[in-house]
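Worksheet for the structure shown next.
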Amino acid sequence: MAAAGAALAPIIENRLLLPPNAGRIRCSSSARGALVVRGAALSEESRKNRSSALKAVAVKGEAPNLTTAKSGHEILLFDALREGLEEEMARDPTVCVIGEDVGHYGGSYKVTKGLAEKFGDLRVLDTPICENSFTGMGIGAAMTGLRTVVEGMNMGFLLLAYNQISNNAGMLHYTSGGQFKIPIVIRGPGGVGKQLGAEHSQRLESYFQSVPGLQMVACSTPYNAKGLMKAAIRSDNPVILYEHVLLYNLKERIPDEEYVLCLEEAELVRPGKDVTILTYSRMRHFVLQAAKTLVERGYDPEIIDIRSLKPFDLFTIGNSIKKTHKVLIVEECMRTGGIGASLRAAIVDNFWDFLDGRPECLSSQDVPTPYAATLEDATVVQPAQIVVKVEQMCQGLV
Amino acid sequence: MAMAMARWRQRLLSSACSSSSSSAAAPQALLRLASSALSRQSSSRGFAAAPDDTTPFVVDIPVPYAGHRCDPPEQRVETSAKELVDFFKVMYVMRRMEIAADSLYKAKFIRGFCHLYDGQEAVCVGMEAALTKEDAIITAYRDHCTHIGRGGTVLEVMAELMGRKSGCSLGKGGSMHMYNKEGNFYGGNGIVGAQTALGAGLAFAQKYNKQNAVSLALYGDGAANQGQLFEAMNISALWDLPVIFVCENNHYGMGTAEWRSAKSPEYYKRGDYVPGLKIDGMDVLAVKQGVRFAKEHALTKGPIVLEMDTYRYHGHSMSDPGSTYRTREEISGVRQERDPIERVRKLLLAKEIVTVADLKNLEKQAKAEVDEAVNQAKEGGQPETHELFTHVHVKGLKQLAYGPDRKEVIVPLP
């Protein structure tokens, strides 16, 4: 473990690093473009950047007022995914996209916009509405060596392809004794949107997490969206990349240079010492919103975007729990059988001795997502609930 | 109803594609072709061909093909003495292998599900005669013989069935999961019908890589009612994928006869806009000709459906006695009238390529080969415990990642 710790040090250097006495709101996604360690005082302008990044969940990304020339370029999340996909398709001719309306239409969320014109109809294949067979087709092609990216127009539709994803994508490498690899990426938007109804608001990470052989990652910012897309395509394992319907218009400045993120690594969003908050996807932004309030009230939460839903990055998570001794999981999955349920079990198994109290979990209600706006808001976790929970935990009331 | 059933049963025995034919038609046809072959042969050469002779000669195919939206191929196929002897040898090995699997299952060396292919050998052997190793094959769980046809060994199959580490999937797959990467054999799939979508994917990759090859997606009459098969046919026809859908119609989907599960049991017509061809699946030469025709079609015009009219002697699997939904007379009737190995034997003897004693020798050799493989497989060890965790993921976990500053970083996980 010691050796591992030493090897881990360089990552933390590169990612974010603030001296202990730095200003209150530490790091946000928009800070990643600059590699320089941020100093103690935070400028007005950078604070404006962060607030616009945080607000982008509810409002379309507004361009922050940048007076100084920075490296990197501003981009919306769907465009970052597209950039990653385009770069990989240009780099490797075996990468191809299969899905409904990905080609001529440009993708229902514009993730594949312009790719069919650039790479042709065979590499950006418009399919009929037959999830079971085109996912199976993607898997069969992957067995021969093609790196297919299968898009589910909504993750919920991939339930129709569950057999293919579970038995063929997940298990073929094992049942063939290692003969065949399935370097497929299955991606699409999921999660609770804005009044999309029960069947279009599903969180499939709950259902697929048990399948052996699959790897699952969830992106939450343009920076990690592009990096994870590239890593997933390059991986020889079947990877499910979970995007969120409401995060596609999130804006951030990302580096111009090429970068690839690690699929199994969690992201330390904000270091702290009072409580560890584990989250992913859209809930990350709710947690950051709650964190503003918490920090004003004097709490110091450590926020980790777990990113890797299968396997969990227990190294980062564990180091954090060892520091704070309290953990709160904020997820969008339902209470029963969600990512939070598995994560709690993993934390209890591995870090029991470091916990002051039980690992807490805020999840969605075990109900089909209703259409009415107020009911839908009540289905998922809201920032106010996160604030209340953290206060209770830090005051020893739970 | 009883009349329809009786007619259907009779069709099984005679394998006529046309509706009227008596059960005596096939052997008579065989005799007719044997005598015509003899006369042709005697006029050309005047002596019997040697067993390793590759000189081609033409043989008539007795049972007519039936085409759907296509003109069926000629009712005659070119073959050679050597090819016929090879057919006999490999089919006999496959037959003995399946019978050995039967005894091993009853002796509890093989557990779980074991689906045997005896009776259907002509399909996979005839296919291989028309294909190359560039072409890809994917099938369902009745895959032991298909694995052999693609270049696997009997030892690999036996060891895999017994769960030993010398098996073709290292003991981790079992009867239903046999694969051969060099032989372009993609399994071995447990869930009925799912392999047809994978087969469309294999063909997609062949088209993508501009290979001059086809993919064969095999499925049974039971799977012919799966929705994903029709989805796969639609997308294959839409994008001109070089795929051949082969329905191995052994007339029973586990315990349910075809007329009880399909409104239209003419499986070669079920492709609708996809052309189809019905082939006597118990005649290895008919299969060879049909698959050759289909390969040409798939490479030039698009997908095609083949229906192989075949029969399995065993039940659906070893857990199924195979006699509750069909009569023993039916099984023995088909064995007598249409057995694929007997057909080749009669042809070989009629053309005086081999003698009865030669064939006995070949049979003895095949039996010895299978027995040897079984004994060797029995001696093989169980997989090591750590193999439980290998091959779940490729390369284990850990990804090489680098940030924008170009430093390579490896994340070690506990």
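Convention: chains lettered A, B, ... in structure tokens order; per-chain residue numbering from 1; ligands numbered from 1 as shown.
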Using only C-alpha atoms, find the residues of chain A whose closest atom to chain B is at most 8 Å away, then write them as an NGL selection string. :A and (1 or 4 or 7-8 or 10-11 or 14 or 35 or 122 or 127-128 or 130 or 132-144 or 146 or 163-164 or 171 or 173-181 or 212-214 or 236-237 or 255 or 257-265 or 313-315)
For Leu362 in chain B: contacts at 10 Å, only C-alpha atoms, fewer than 2 positions along chain excluded, given as an NGL selection string: :B and (85 or 88-89 or 92-93 or 356-360 or 364-368)
Set the distance at 10 Å and use only C-alpha atoms: which residues neighbour range 389-393 of chain A once local chain neighbours fewer than 4 positions away are removed? I'd like the list as a PyMOL selection string. chain A and resi 274-277+290-291+294+297+299+301+326-328+356-362+383-385+397-398
Name the residues of range 141-358 of chain A that come out as alpha helix (DSSP H) in a backbone DSSP run; write them as JSON, numbers by chain. {"A": [141, 142, 143, 144, 162, 163, 172, 173, 174, 175, 205, 206, 207, 208, 222, 223, 224, 225, 226, 227, 228, 229, 230, 231, 232, 233, 234, 282, 283, 284, 285, 286, 287, 288, 289, 290, 291, 292, 293, 294, 295, 296, 314, 315, 316, 317, 318, 319, 320, 321, 322, 323, 324, 339, 340, 341, 342, 343, 344, 345, 346, 347, 348, 349, 350, 351]}
Please provide the set of residues having any atom within 8 Å of Leu77 in chain A, restricted to only C-alpha atoms, with same-chain residues fewer than 6 positions apart removed, written as number ranges by chain. A: 221-223, 225, 247-252
Output the selection as a PDB file, in the first residue's frame - all heavy atoms for each residue.
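Result file is again_17.pdb:
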```pdb
ATOM      1  N   THR A 221     -18.777  16.152 -16.458  1.00  0.00           N
ATOM      2  CA  THR A 221     -18.326  17.464 -16.935  1.00  0.00           C
ATOM      3  C   THR A 221     -17.758  17.277 -18.326  1.00  0.00           C
ATOM      4  O   THR A 221     -17.404  16.165 -18.708  1.00  0.00           O
ATOM      5  CB  THR A 221     -17.214  18.026 -16.030  1.00  0.00           C
ATOM      6  OG1 THR A 221     -16.079  17.177 -16.144  1.00  0.00           O
ATOM      7  CG2 THR A 221     -17.664  18.114 -14.587  1.00  0.00           C
ATOM      8  N   PRO A 222     -17.667  18.371 -19.095  1.00  0.00           N
ATOM      9  CA  PRO A 222     -17.058  18.223 -20.424  1.00  0.00           C
ATOM     10  C   PRO A 222     -15.655  17.642 -20.353  1.00  0.00           C
ATOM     11  O   PRO A 222     -15.275  16.827 -21.196  1.00  0.00           O
ATOM     12  CB  PRO A 222     -17.048  19.665 -20.957  1.00  0.00           C
ATOM     13  CG  PRO A 222     -18.201  20.319 -20.271  1.00  0.00           C
ATOM     14  CD  PRO A 222     -18.255  19.703 -18.912  1.00  0.00           C
ATOM     15  N   TYR A 223     -14.894  18.005 -19.336  1.00  0.00           N
ATOM     16  CA  TYR A 223     -13.526  17.486 -19.229  1.00  0.00           C
ATOM     17  C   TYR A 223     -13.530  15.978 -19.081  1.00  0.00           C
ATOM     18  O   TYR A 223     -12.875  15.260 -19.837  1.00  0.00           O
ATOM     19  CB  TYR A 223     -12.818  18.131 -18.029  1.00  0.00           C
ATOM     20  CG  TYR A 223     -11.422  17.614 -17.803  1.00  0.00           C
ATOM     21  CD1 TYR A 223     -10.366  18.020 -18.607  1.00  0.00           C
ATOM     22  CD2 TYR A 223     -11.147  16.707 -16.773  1.00  0.00           C
ATOM     23  CE1 TYR A 223      -9.087  17.530 -18.413  1.00  0.00           C
ATOM     24  CE2 TYR A 223      -9.874  16.215 -16.571  1.00  0.00           C
ATOM     25  CZ  TYR A 223      -8.838  16.640 -17.392  1.00  0.00           C
ATOM     26  OH  TYR A 223      -7.584  16.156 -17.194  1.00  0.00           O
ATOM     27  N   ALA A 225     -16.008  13.974 -19.641  1.00  0.00           N
ATOM     28  CA  ALA A 225     -16.750  13.319 -20.716  1.00  0.00           C
ATOM     29  C   ALA A 225     -15.824  12.964 -21.873  1.00  0.00           C
ATOM     30  O   ALA A 225     -15.814  11.829 -22.364  1.00  0.00           O
ATOM     31  CB  ALA A 225     -17.871  14.225 -21.209  1.00  0.00           C
ATOM     32  N   LEU A 247     -27.213  17.101 -18.660  1.00  0.00           N
ATOM     33  CA  LEU A 247     -25.867  17.672 -18.556  1.00  0.00           C
ATOM     34  C   LEU A 247     -25.256  18.009 -19.908  1.00  0.00           C
ATOM     35  O   LEU A 247     -24.121  18.478 -19.980  1.00  0.00           O
ATOM     36  CB  LEU A 247     -24.940  16.699 -17.820  1.00  0.00           C
ATOM     37  CG  LEU A 247     -25.263  16.437 -16.358  1.00  0.00           C
ATOM     38  CD1 LEU A 247     -24.199  15.527 -15.751  1.00  0.00           C
ATOM     39  CD2 LEU A 247     -25.333  17.727 -15.564  1.00  0.00           C
ATOM     40  N   TYR A 248     -25.975  17.759 -20.989  1.00  0.00           N
ATOM     41  CA  TYR A 248     -25.356  17.915 -22.295  1.00  0.00           C
ATOM     42  C   TYR A 248     -24.956  19.353 -22.603  1.00  0.00           C
ATOM     43  O   TYR A 248     -24.070  19.586 -23.412  1.00  0.00           O
ATOM     44  CB  TYR A 248     -26.285  17.395 -23.396  1.00  0.00           C
ATOM     45  CG  TYR A 248     -26.230  15.906 -23.571  1.00  0.00           C
ATOM     46  CD1 TYR A 248     -27.380  15.137 -23.540  1.00  0.00           C
ATOM     47  CD2 TYR A 248     -25.021  15.253 -23.754  1.00  0.00           C
ATOM     48  CE1 TYR A 248     -27.333  13.771 -23.705  1.00  0.00           C
ATOM     49  CE2 TYR A 248     -24.958  13.877 -23.899  1.00  0.00           C
ATOM     50  CZ  TYR A 248     -26.124  13.145 -23.877  1.00  0.00           C
ATOM     51  OH  TYR A 248     -26.078  11.783 -24.030  1.00  0.00           O
ATOM     52  N   ASN A 249     -25.619  20.312 -21.984  1.00  0.00           N
ATOM     53  CA  ASN A 249     -25.291  21.709 -22.291  1.00  0.00           C
ATOM     54  C   ASN A 249     -24.412  22.358 -21.244  1.00  0.00           C
ATOM     55  O   ASN A 249     -24.320  23.583 -21.168  1.00  0.00           O
ATOM     56  CB  ASN A 249     -26.580  22.508 -22.479  1.00  0.00           C
ATOM     57  CG  ASN A 249     -27.280  22.134 -23.768  1.00  0.00           C
ATOM     58  OD1 ASN A 249     -26.622  21.849 -24.764  1.00  0.00           O
ATOM     59  ND2 ASN A 249     -28.593  22.113 -23.750  1.00  0.00           N
ATOM     60  N   LEU A 250     -23.757  21.565 -20.455  1.00  0.00           N
ATOM     61  CA  LEU A 250     -22.821  22.087 -19.464  1.00  0.00           C
ATOM     62  C   LEU A 250     -21.598  22.634 -20.190  1.00  0.00           C
ATOM     63  O   LEU A 250     -21.070  21.985 -21.091  1.00  0.00           O
ATOM     64  CB  LEU A 250     -22.417  20.939 -18.552  1.00  0.00           C
ATOM     65  CG  LEU A 250     -21.898  21.221 -17.174  1.00  0.00           C
ATOM     66  CD1 LEU A 250     -22.916  21.987 -16.378  1.00  0.00           C
ATOM     67  CD2 LEU A 250     -21.586  19.913 -16.473  1.00  0.00           C
ATOM     68  N   LYS A 251     -21.135  23.813 -19.784  1.00  0.00           N
ATOM     69  CA  LYS A 251     -19.999  24.407 -20.486  1.00  0.00           C
ATOM     70  C   LYS A 251     -18.785  24.445 -19.589  1.00  0.00           C
ATOM     71  O   LYS A 251     -18.866  24.691 -18.395  1.00  0.00           O
ATOM     72  CB  LYS A 251     -20.358  25.831 -20.931  1.00  0.00           C
ATOM     73  CG  LYS A 251     -19.255  26.473 -21.782  1.00  0.00           C
ATOM     74  CD  LYS A 251     -19.556  27.912 -22.086  1.00  0.00           C
ATOM     75  CE  LYS A 251     -20.425  28.014 -23.318  1.00  0.00           C
ATOM     76  NZ  LYS A 251     -20.230  29.277 -24.041  1.00  0.00           N
ATOM     77  N   GLU A 252     -17.629  24.205 -20.190  1.00  0.00           N
ATOM     78  CA  GLU A 252     -16.380  24.216 -19.435  1.00  0.00           C
ATOM     79  C   GLU A 252     -15.233  24.469 -20.400  1.00  0.00           C
ATOM     80  O   GLU A 252     -15.340  24.228 -21.586  1.00  0.00           O
ATOM     81  CB  GLU A 252     -16.192  22.853 -18.745  1.00  0.00           C
ATOM     82  CG  GLU A 252     -15.069  22.832 -17.735  1.00  0.00           C
ATOM     83  CD  GLU A 252     -14.826  21.438 -17.178  1.00  0.00           C
ATOM     84  OE1 GLU A 252     -15.460  20.486 -17.643  1.00  0.00           O
ATOM     85  OE2 GLU A 252     -13.991  21.328 -16.271  1.00  0.00           O
TER      86      GLU A 252
END
```
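The space separating CA of Lys230 in chain A from CA of Leu81 in chain A comes to 8.7 Å.
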Skipping near chain neighbours, those fewer than 3 positions away, what residues fall within 10 Å of Cys333 in chain A using only C-alpha atoms, listed as a list in words?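 The neighbour list is Gly191, Val192, Gln202, Arg203, Leu204, Glu205, Ser206, Val330, Thr336, Gly337, Gly338, Ile339, Gly340, Ala341, Leu362, Ser363, Ser364, Gln365, Asp366, Val380 and Val381 of chain A.
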For the selection just defined, write its residues with C-alpha atoms to a file, as a CSV table (one decimal), in the first residue's frame.
```csv
chain,number,residue,atom,x,y,z
A,191,GLY,CA,-31.2,9.6,-15.6
A,192,VAL,CA,-34.1,11.7,-14.6
A,202,GLN,CA,-34.3,5.3,-16.0
A,203,ARG,CA,-31.0,4.7,-14.3
A,204,LEU,CA,-29.6,1.6,-15.9
A,205,GLU,CA,-26.5,1.6,-13.9
A,206,SER,CA,-28.5,-0.2,-11.2
A,330,VAL,CA,-25.5,11.0,-3.1
A,336,THR,CA,-33.1,-0.5,-3.9
A,337,GLY,CA,-30.3,-2.1,-5.7
A,338,GLY,CA,-28.6,1.1,-6.8
A,339,ILE,CA,-25.0,2.1,-7.0
A,340,GLY,CA,-25.3,3.5,-3.6
A,341,ALA,CA,-26.3,0.2,-2.2
A,362,LEU,CA,-29.3,9.8,-0.4
A,363,SER,CA,-31.0,8.1,-3.3
A,364,SER,CA,-34.0,8.6,-5.5
A,365,GLN,CA,-37.4,7.2,-4.3
A,366,ASP,CA,-38.3,3.7,-5.3
A,380,VAL,CA,-34.6,12.8,-6.8
A,381,VAL,CA,-32.3,14.2,-4.2
```
What's the 12 Å shell around range 159-162 of chain B, counting only C-alpha atoms, without same-chain residues fewer than 5 positions away, as a PyMOL selection string? (chain A and resi 175-177) or (chain B and resi 97-98+100-102+104-105+107-116+143-144+147+152-154+167-179+370+372-383)
Going by DSSP on the backbone, which residues of range 55-290 of chain B come out as strand (DSSP E)? List them as an MDAnalysis selection string. chainID B and resid 56:60 66:68 76:80 136:138 215:220 243:249 252:253 256:257 276:280
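You will find CA of Leu278 in chain A at 18.5 Å from CA of Leu241 in chain A.
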What is the CA of Tyr117 in chain B-CA of Asn250 in chain B distance in Å, reported with one decimal? 10.2 Å
List the spatial neighbours of His314 in chain B as an NGL selection string - criterion: any atom at most 9 Å away, only C-alpha atoms, same-chain residues fewer than 5 positions off excluded. :B and (115-119 or 320-323 or 331)
Between B:Leu216, B:Leu12, B:Ala298, B:Ala4, which residue has the minimum interatomic distance to Tyr252 in chain B, considering only C-alpha atoms?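 Comparing B:Leu216, B:Leu12, B:Ala298, B:Ala4 against Tyr252 in chain B, the winner is B:Leu12.
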